[in-house]
Amino acid sequence: MVQPKKSTNPAESASRVAVRNFLGPIRDLWDDPTVSEILINGPHDIFVERKGKLHKTESRFPDEDALLAAANNIAQSVGRRITTDEPRLDARLPDGSRVAVVIPPCARNGTTVSIRKFTQSKISFREYVQMGAITADGAQFLDVCMYLGKNILVSGGTGSGKTTLLGLLCARIPRGQRVIVIEDSTELKIEYDHVVFFETKQANEQGHGEVSIRDLLKSSLRLRPDRIIVGEVRSGEALELIQAMNTGHKGCMGTVHANSPEDAIVRLEALASGADAKLSERALRYQVSAAIDLIVQISRYHDGSRRVASLSEVRGQNPDGSYDVVPIFQMSRLVRKPDGSMEGKLEPMGELPSFFDEIVDNGLPFPESKFRKPTAA
Ligand SMILES: Nc1ncnc2c1ncn2[C@@H]1O[C@H](COP(=O)(O)OP(=O)(O)OP(=O)(O)O)[C@@H](O)[C@H]1O
Ligand SMILES: [Mg+2]
């Protein structure tokens, strides 16, 4: 995982200590390296995620007031407030952890908090393969696509590992390019020699001064980017991203919340159409299908694992106007093993990508045989 290194900035470290102090009854969970997420549903209902699975804990806050005070302190530590008028908070803590809070009256269980802890471990592509999140061939195919500057959409459900994979892909950008990264709140730390990071800005208390992903994308187009990376595409920025992809910016990437590659591309279209009502459906579909080369679908499986479920090429449109999304690699049928884990493998589907000639012409070591469907045993 390409993630922020532990901060050596004294202000950040102090802030981390301050946040830890607010957590009181859940400090042990915060300190426990095996806990990746902490989910608080009111003062007496606290769950954690370990190895992708949810567990209820015995921890509890004395009462709603104590929990609300802790949530308020966390908000203040990042310069924000939670009040009945503004009952929601979505913020990144100084150490890179993410916190989302909703308080009553919107939260019926009482103050509801989710903390996605920043994990210190930095996973490389190789480790990602070793964890079983993708096969070596799947990873190598992604590497080939990165080298060739394919436009890639990473799709998956909430917390499925989209940002993690996007970070890993960014680490494979060939040297010598200018990369612009645009995010809502900084999560991606990319070790690259020429990278510009942009982060959105919320409106001030008077409701002025908001800078959205779409605004930043428009600015970045004037800043001579080679590749634009959008942390998460969830609004009108989809249109600018598609247009950037279609106007010579090769190798752009973004993530989108969707449960299948088909849903992902339809969602991208819907988001883009919300940005410009005047664009005809036909024109937009054409642009979307021309823009996206590859969709990487990630899924969370019942055993808690997060794995790449398919790598699909977008080839254009079918005669009926739907998108022609062709799986090149896809997860085989999953079989539950006695220990509860799910066994399955990303397998080639017997489809050559339409850009196979580019793989050959660039002398990339990914032979045609790797796309051949495995023969049944
Ligand atoms: N392949 C993997 N195996 C195990 N854990 C993983 C894997 N990929 C990501 N994770 C962990 O899962 C959590 C969620 O990952 P990530 O933030 O990348 O997901 P996301 O899909 O971007 O989430 P969101 O929908 O909130 O944006 C993190 O704690 C991350 O370290
Ligand atoms: Mg994410």
# chains A, B, ... in the order shown; residues from 1 in each chain; ligands from 1
call {"tool": "residues_near_ligand", "arguments": {"ligand": "ligand 2", "cutoff": "12 Å", "atoms": "only C-alpha atoms and all ligand atoms", "output": "VMD selection string"}}
result
chain A and resid 97 to 98 116 154 to 167 183 to 188 230 to 234 254 to 257 298
call {"tool": "atom_distance", "arguments": {"atom1": "atom 10 (N, counted along the ligand's line) of ligand 1", "atom2": "atom CA of A:Val296"}}
result
15.1 Å
call {"tool": "select_by_dssp", "arguments": {"residues": "stretch 184-367 of chain A", "states": "helix (DSSP H, G or I)", "output": "ChimeraX atom specification"}}
result
/A:213-221,237-246,261-275,281-291,356-361
call {"tool": "write_last_selection", "arguments": {"atoms": "N, CA and C atoms", "output": "compact mmCIF listing (two decimals), in the first residue's frame"}}
result
# COMPACT_ATOMS: atom_id res chain seq x y z
N ILE A 213 -13.50 18.97 -6.30
CA ILE A 213 -12.62 18.16 -7.16
C ILE A 213 -12.75 18.65 -8.60
N ARG A 214 -13.97 19.01 -8.97
CA ARG A 214 -14.20 19.48 -10.35
C ARG A 214 -13.41 20.78 -10.61
N ASP A 215 -13.44 21.70 -9.64
CA ASP A 215 -12.67 22.95 -9.79
C ASP A 215 -11.19 22.63 -9.96
N LEU A 216 -10.71 21.72 -9.11
CA LEU A 216 -9.27 21.41 -9.15
C LEU A 216 -8.90 20.70 -10.44
N LEU A 217 -9.84 19.90 -10.94
CA LEU A 217 -9.57 19.20 -12.20
C LEU A 217 -9.47 20.21 -13.35
N LYS A 218 -10.36 21.21 -13.32
CA LYS A 218 -10.31 22.25 -14.36
C LYS A 218 -8.97 22.99 -14.29
N SER A 219 -8.54 23.32 -13.07
CA SER A 219 -7.24 24.01 -12.92
C SER A 219 -6.11 23.11 -13.39
N SER A 220 -6.20 21.85 -13.03
CA SER A 220 -5.06 20.98 -13.34
C SER A 220 -4.88 20.82 -14.85
N LEU A 221 -5.98 20.94 -15.60
CA LEU A 221 -5.85 20.82 -17.06
C LEU A 221 -4.99 21.93 -17.64
N GLU A 237 -17.12 16.04 -11.63
CA GLU A 237 -15.74 15.96 -12.15
C GLU A 237 -15.58 14.83 -13.15
N ALA A 238 -16.54 13.88 -13.12
CA ALA A 238 -16.49 12.76 -14.07
C ALA A 238 -16.40 13.28 -15.51
N LEU A 239 -17.11 14.36 -15.78
CA LEU A 239 -17.13 14.89 -17.15
C LEU A 239 -15.75 15.40 -17.57
N GLU A 240 -15.14 16.21 -16.71
CA GLU A 240 -13.79 16.73 -17.04
C GLU A 240 -12.78 15.60 -17.15
N LEU A 241 -12.95 14.59 -16.28
CA LEU A 241 -11.99 13.47 -16.32
C LEU A 241 -12.12 12.74 -17.65
N ILE A 242 -13.35 12.51 -18.08
CA ILE A 242 -13.58 11.82 -19.36
C ILE A 242 -13.00 12.66 -20.50
N GLN A 243 -13.24 13.96 -20.42
CA GLN A 243 -12.73 14.82 -21.49
C GLN A 243 -11.21 14.87 -21.48
N ALA A 244 -10.63 14.89 -20.30
CA ALA A 244 -9.15 14.87 -20.23
C ALA A 244 -8.63 13.58 -20.85
N MET A 245 -9.29 12.47 -20.51
CA MET A 245 -8.85 11.17 -21.05
C MET A 245 -8.95 11.16 -22.57
N ASN A 246 -9.93 11.88 -23.10
CA ASN A 246 -10.14 11.88 -24.56
C ASN A 246 -9.33 12.95 -25.27
N PRO A 261 -18.11 -3.99 -13.12
CA PRO A 261 -17.53 -3.07 -14.11
C PRO A 261 -18.61 -2.38 -14.95
N GLU A 262 -19.69 -3.10 -15.23
CA GLU A 262 -20.79 -2.49 -16.00
C GLU A 262 -21.41 -1.36 -15.20
N ASP A 263 -21.64 -1.61 -13.91
CA ASP A 263 -22.21 -0.55 -13.06
C ASP A 263 -21.26 0.65 -12.99
N ALA A 264 -19.96 0.35 -12.96
CA ALA A 264 -18.98 1.43 -12.82
C ALA A 264 -19.06 2.38 -14.00
N ILE A 265 -19.16 1.84 -15.18
CA ILE A 265 -19.13 2.71 -16.35
C ILE A 265 -20.46 3.46 -16.50
N VAL A 266 -21.54 2.80 -16.12
CA VAL A 266 -22.84 3.48 -16.16
C VAL A 266 -22.87 4.60 -15.11
N ARG A 267 -22.24 4.32 -13.97
CA ARG A 267 -22.20 5.35 -12.93
C ARG A 267 -21.37 6.55 -13.40
N LEU A 268 -20.27 6.26 -14.06
CA LEU A 268 -19.44 7.36 -14.57
C LEU A 268 -20.25 8.21 -15.55
N GLU A 269 -21.00 7.53 -16.40
CA GLU A 269 -21.84 8.25 -17.36
C GLU A 269 -22.87 9.12 -16.62
N ALA A 270 -23.51 8.53 -15.61
CA ALA A 270 -24.55 9.27 -14.88
C ALA A 270 -23.95 10.49 -14.19
N LEU A 271 -22.76 10.32 -13.61
CA LEU A 271 -22.12 11.45 -12.92
C LEU A 271 -21.77 12.55 -13.92
N ALA A 272 -21.27 12.12 -15.08
CA ALA A 272 -20.88 13.12 -16.10
C ALA A 272 -22.11 13.81 -16.66
N SER A 273 -23.19 13.06 -16.81
CA SER A 273 -24.37 13.69 -17.42
C SER A 273 -24.97 14.71 -16.45
N GLY A 274 -24.78 14.48 -15.14
CA GLY A 274 -25.24 15.46 -14.15
C GLY A 274 -24.47 16.77 -14.26
N ALA A 275 -23.28 16.72 -14.86
CA ALA A 275 -22.45 17.92 -14.95
C ALA A 275 -22.80 18.78 -16.15
N GLU A 281 -27.22 12.07 -24.74
CA GLU A 281 -26.86 10.77 -24.19
C GLU A 281 -25.92 10.03 -25.13
N ARG A 282 -26.20 10.19 -26.42
CA ARG A 282 -25.40 9.48 -27.42
C ARG A 282 -23.95 9.98 -27.40
N ALA A 283 -23.82 11.31 -27.39
CA ALA A 283 -22.47 11.89 -27.41
C ALA A 283 -21.71 11.50 -26.14
N LEU A 284 -22.42 11.53 -25.02
CA LEU A 284 -21.76 11.22 -23.76
C LEU A 284 -21.30 9.76 -23.73
N ARG A 285 -22.19 8.87 -24.16
CA ARG A 285 -21.81 7.44 -24.16
C ARG A 285 -20.60 7.20 -25.03
N TYR A 286 -20.58 7.90 -26.15
CA TYR A 286 -19.45 7.75 -27.05
C TYR A 286 -18.16 8.19 -26.34
N GLN A 287 -18.26 9.34 -25.68
CA GLN A 287 -17.06 9.86 -24.99
C GLN A 287 -16.62 8.94 -23.86
N VAL A 288 -17.59 8.44 -23.11
CA VAL A 288 -17.24 7.57 -21.97
C VAL A 288 -16.55 6.31 -22.50
N SER A 289 -17.15 5.71 -23.53
CA SER A 289 -16.58 4.44 -24.00
C SER A 289 -15.22 4.66 -24.65
N ALA A 290 -15.00 5.83 -25.23
CA ALA A 290 -13.69 6.09 -25.83
C ALA A 290 -12.66 6.40 -24.74
N ALA A 291 -13.13 6.94 -23.61
CA ALA A 291 -12.19 7.40 -22.58
C ALA A 291 -11.60 6.25 -21.77
N PHE A 356 -3.53 -5.52 -27.92
CA PHE A 356 -2.47 -6.54 -27.82
C PHE A 356 -1.27 -6.16 -28.71
N ASP A 357 -1.57 -5.55 -29.88
CA ASP A 357 -0.47 -5.15 -30.78
C ASP A 357 0.51 -4.20 -30.08
N GLU A 358 -0.04 -3.33 -29.25
CA GLU A 358 0.83 -2.37 -28.53
C GLU A 358 1.75 -3.11 -27.57
N ILE A 359 1.23 -4.19 -26.97
CA ILE A 359 2.06 -4.98 -26.05
C ILE A 359 3.22 -5.59 -26.83
N VAL A 360 2.90 -6.12 -28.02
CA VAL A 360 3.93 -6.74 -28.85
C VAL A 360 4.90 -5.68 -29.36
N ASP A 361 4.35 -4.58 -29.89
CA ASP A 361 5.21 -3.56 -30.49
C ASP A 361 6.18 -2.93 -29.49
call {"tool": "residues_around", "arguments": {"residues": "A:Ser332", "least_positions_apart": "4", "cutoff": "10 Å", "atoms": "only C-alpha atoms", "output": "PyMOL selection string"}}
result
chain A and resi 309-310+343-349
call {"tool": "closest_residue", "arguments": {"among": "A:Gly138, A:Gly304, A:Gly176, A:Gly236", "to": "A:Asp276", "atoms": "only C-alpha atoms"}}
result
A:Gly236
call {"tool": "closest_residue", "arguments": {"among": "A:Lys201, A:Phe61, A:Ile328, A:Val179", "to": "A:His249", "atoms": "only C-alpha atoms"}}
result
A:Val179
call {"tool": "residues_around", "arguments": {"residues": "A:Arg80", "least_positions_apart": "6", "cutoff": "12 Å", "atoms": "only C-alpha atoms", "output": "number ranges by chain"}}
result
A: 71-74, 86-93, 101, 202-205
call {"tool": "write_last_selection", "arguments": {"atoms": "C-alpha atoms", "output": "compact mmCIF listing (two decimals), in the first residue's frame"}}
result
# COMPACT_ATOMS: atom_id res chain seq x y z
CA ALA A 71 -16.35 13.29 18.92
CA ASN A 72 -16.37 17.04 19.42
CA ASN A 73 -12.78 17.03 20.61
CA ILE A 74 -11.71 15.06 17.56
CA GLU A 86 -23.90 20.61 11.32
CA PRO A 87 -24.38 17.07 12.58
CA ARG A 88 -21.92 15.43 10.17
CA LEU A 89 -18.15 15.34 9.97
CA ASP A 90 -15.92 13.65 7.46
CA ALA A 91 -12.27 14.30 8.12
CA ARG A 92 -8.79 12.99 7.88
CA LEU A 93 -6.84 12.97 11.10
CA VAL A 101 -19.20 11.20 12.52
CA GLN A 202 -14.68 23.05 2.29
CA ALA A 203 -16.73 26.23 2.37
CA ASN A 204 -16.14 28.51 5.33
CA GLU A 205 -18.79 29.20 7.95
call {"tool": "atom_distance", "arguments": {"atom1": "atom CA of A:Leu23", "atom2": "atom CA of A:Glu199"}}
result
27.1 Å
call {"tool": "atom_distance", "arguments": {"atom1": "atom CA of A:Asn151", "atom2": "atom CA of A:Ile292"}}
result
5.3 Å
call {"tool": "decode", "arguments": {"residues": "stretch 22-41 of chain A", "atoms": "N, CA and C atoms", "output": "PDB file, in the first residue's frame"}}
result
ATOM      1  N   PHE A  22      -8.512  11.722  23.463  1.00  0.00           N
ATOM      2  CA  PHE A  22      -9.967  11.896  23.456  1.00  0.00           C
ATOM      3  C   PHE A  22     -10.691  10.555  23.444  1.00  0.00           C
ATOM      4  N   LEU A  23      -9.963   9.505  23.040  1.00  0.00           N
ATOM      5  CA  LEU A  23     -10.674   8.276  22.732  1.00  0.00           C
ATOM      6  C   LEU A  23     -11.056   7.463  23.964  1.00  0.00           C
ATOM      7  N   GLY A  24     -10.424   7.766  25.091  1.00  0.00           N
ATOM      8  CA  GLY A  24     -10.785   7.147  26.370  1.00  0.00           C
ATOM      9  C   GLY A  24     -11.045   5.656  26.258  1.00  0.00           C
ATOM     10  N   PRO A  25     -12.319   5.263  26.336  1.00  0.00           N
ATOM     11  CA  PRO A  25     -12.652   3.830  26.386  1.00  0.00           C
ATOM     12  C   PRO A  25     -12.211   3.026  25.170  1.00  0.00           C
ATOM     13  N   ILE A  26     -11.889   3.674  24.074  1.00  0.00           N
ATOM     14  CA  ILE A  26     -11.490   2.859  22.914  1.00  0.00           C
ATOM     15  C   ILE A  26     -10.007   3.023  22.588  1.00  0.00           C
ATOM     16  N   ARG A  27      -9.269   3.551  23.559  1.00  0.00           N
ATOM     17  CA  ARG A  27      -7.844   3.778  23.305  1.00  0.00           C
ATOM     18  C   ARG A  27      -7.117   2.468  23.001  1.00  0.00           C
ATOM     19  N   ASP A  28      -7.521   1.391  23.677  1.00  0.00           N
ATOM     20  CA  ASP A  28      -6.868   0.094  23.435  1.00  0.00           C
ATOM     21  C   ASP A  28      -7.074  -0.345  21.988  1.00  0.00           C
ATOM     22  N   LEU A  29      -8.279  -0.088  21.495  1.00  0.00           N
ATOM     23  CA  LEU A  29      -8.578  -0.491  20.112  1.00  0.00           C
ATOM     24  C   LEU A  29      -7.756   0.361  19.137  1.00  0.00           C
ATOM     25  N   TRP A  30      -7.629   1.624  19.465  1.00  0.00           N
ATOM     26  CA  TRP A  30      -6.841   2.552  18.632  1.00  0.00           C
ATOM     27  C   TRP A  30      -5.378   2.108  18.588  1.00  0.00           C
ATOM     28  N   ASP A  31      -4.885   1.607  19.738  1.00  0.00           N
ATOM     29  CA  ASP A  31      -3.475   1.201  19.811  1.00  0.00           C
ATOM     30  C   ASP A  31      -3.236  -0.200  19.254  1.00  0.00           C
ATOM     31  N   ASP A  32      -4.303  -0.974  19.088  1.00  0.00           N
ATOM     32  CA  ASP A  32      -4.158  -2.369  18.664  1.00  0.00           C
ATOM     33  C   ASP A  32      -3.893  -2.441  17.148  1.00  0.00           C
ATOM     34  N   PRO A  33      -2.698  -2.889  16.774  1.00  0.00           N
ATOM     35  CA  PRO A  33      -2.373  -2.876  15.346  1.00  0.00           C
ATOM     36  C   PRO A  33      -3.208  -3.850  14.508  1.00  0.00           C
ATOM     37  N   THR A  34      -3.874  -4.825  15.165  1.00  0.00           N
ATOM     38  CA  THR A  34      -4.677  -5.766  14.375  1.00  0.00           C
ATOM     39  C   THR A  34      -6.057  -5.191  14.033  1.00  0.00           C
ATOM     40  N   VAL A  35      -6.396  -4.054  14.653  1.00  0.00           N
ATOM     41  CA  VAL A  35      -7.697  -3.424  14.379  1.00  0.00           C
ATOM     42  C   VAL A  35      -7.536  -2.428  13.234  1.00  0.00           C
ATOM     43  N   SER A  36      -8.304  -2.633  12.158  1.00  0.00           N
ATOM     44  CA  SER A  36      -8.189  -1.691  11.038  1.00  0.00           C
ATOM     45  C   SER A  36      -9.276  -0.628  11.067  1.00  0.00           C
ATOM     46  N   GLU A  37     -10.445  -0.973  11.624  1.00  0.00           N
ATOM     47  CA  GLU A  37     -11.508   0.035  11.709  1.00  0.00           C
ATOM     48  C   GLU A  37     -12.195  -0.061  13.058  1.00  0.00           C
ATOM     49  N   ILE A  38     -12.660   1.083  13.548  1.00  0.00           N
ATOM     50  CA  ILE A  38     -13.435   1.119  14.793  1.00  0.00           C
ATOM     51  C   ILE A  38     -14.777   1.760  14.450  1.00  0.00           C
ATOM     52  N   LEU A  39     -15.857   1.070  14.801  1.00  0.00           N
ATOM     53  CA  LEU A  39     -17.192   1.554  14.449  1.00  0.00           C
ATOM     54  C   LEU A  39     -18.004   1.725  15.722  1.00  0.00           C
ATOM     55  N   ILE A  40     -18.387   2.932  16.012  1.00  0.00           N
ATOM     56  CA  ILE A  40     -19.103   3.235  17.257  1.00  0.00           C
ATOM     57  C   ILE A  40     -20.538   3.620  16.906  1.00  0.00           C
ATOM     58  N   ASN A  41     -21.478   2.808  17.374  1.00  0.00           N
ATOM     59  CA  ASN A  41     -22.894   3.098  17.097  1.00  0.00           C
ATOM     60  C   ASN A  41     -23.572   3.494  18.400  1.00  0.00           C
TER      61      ASN A  41
END
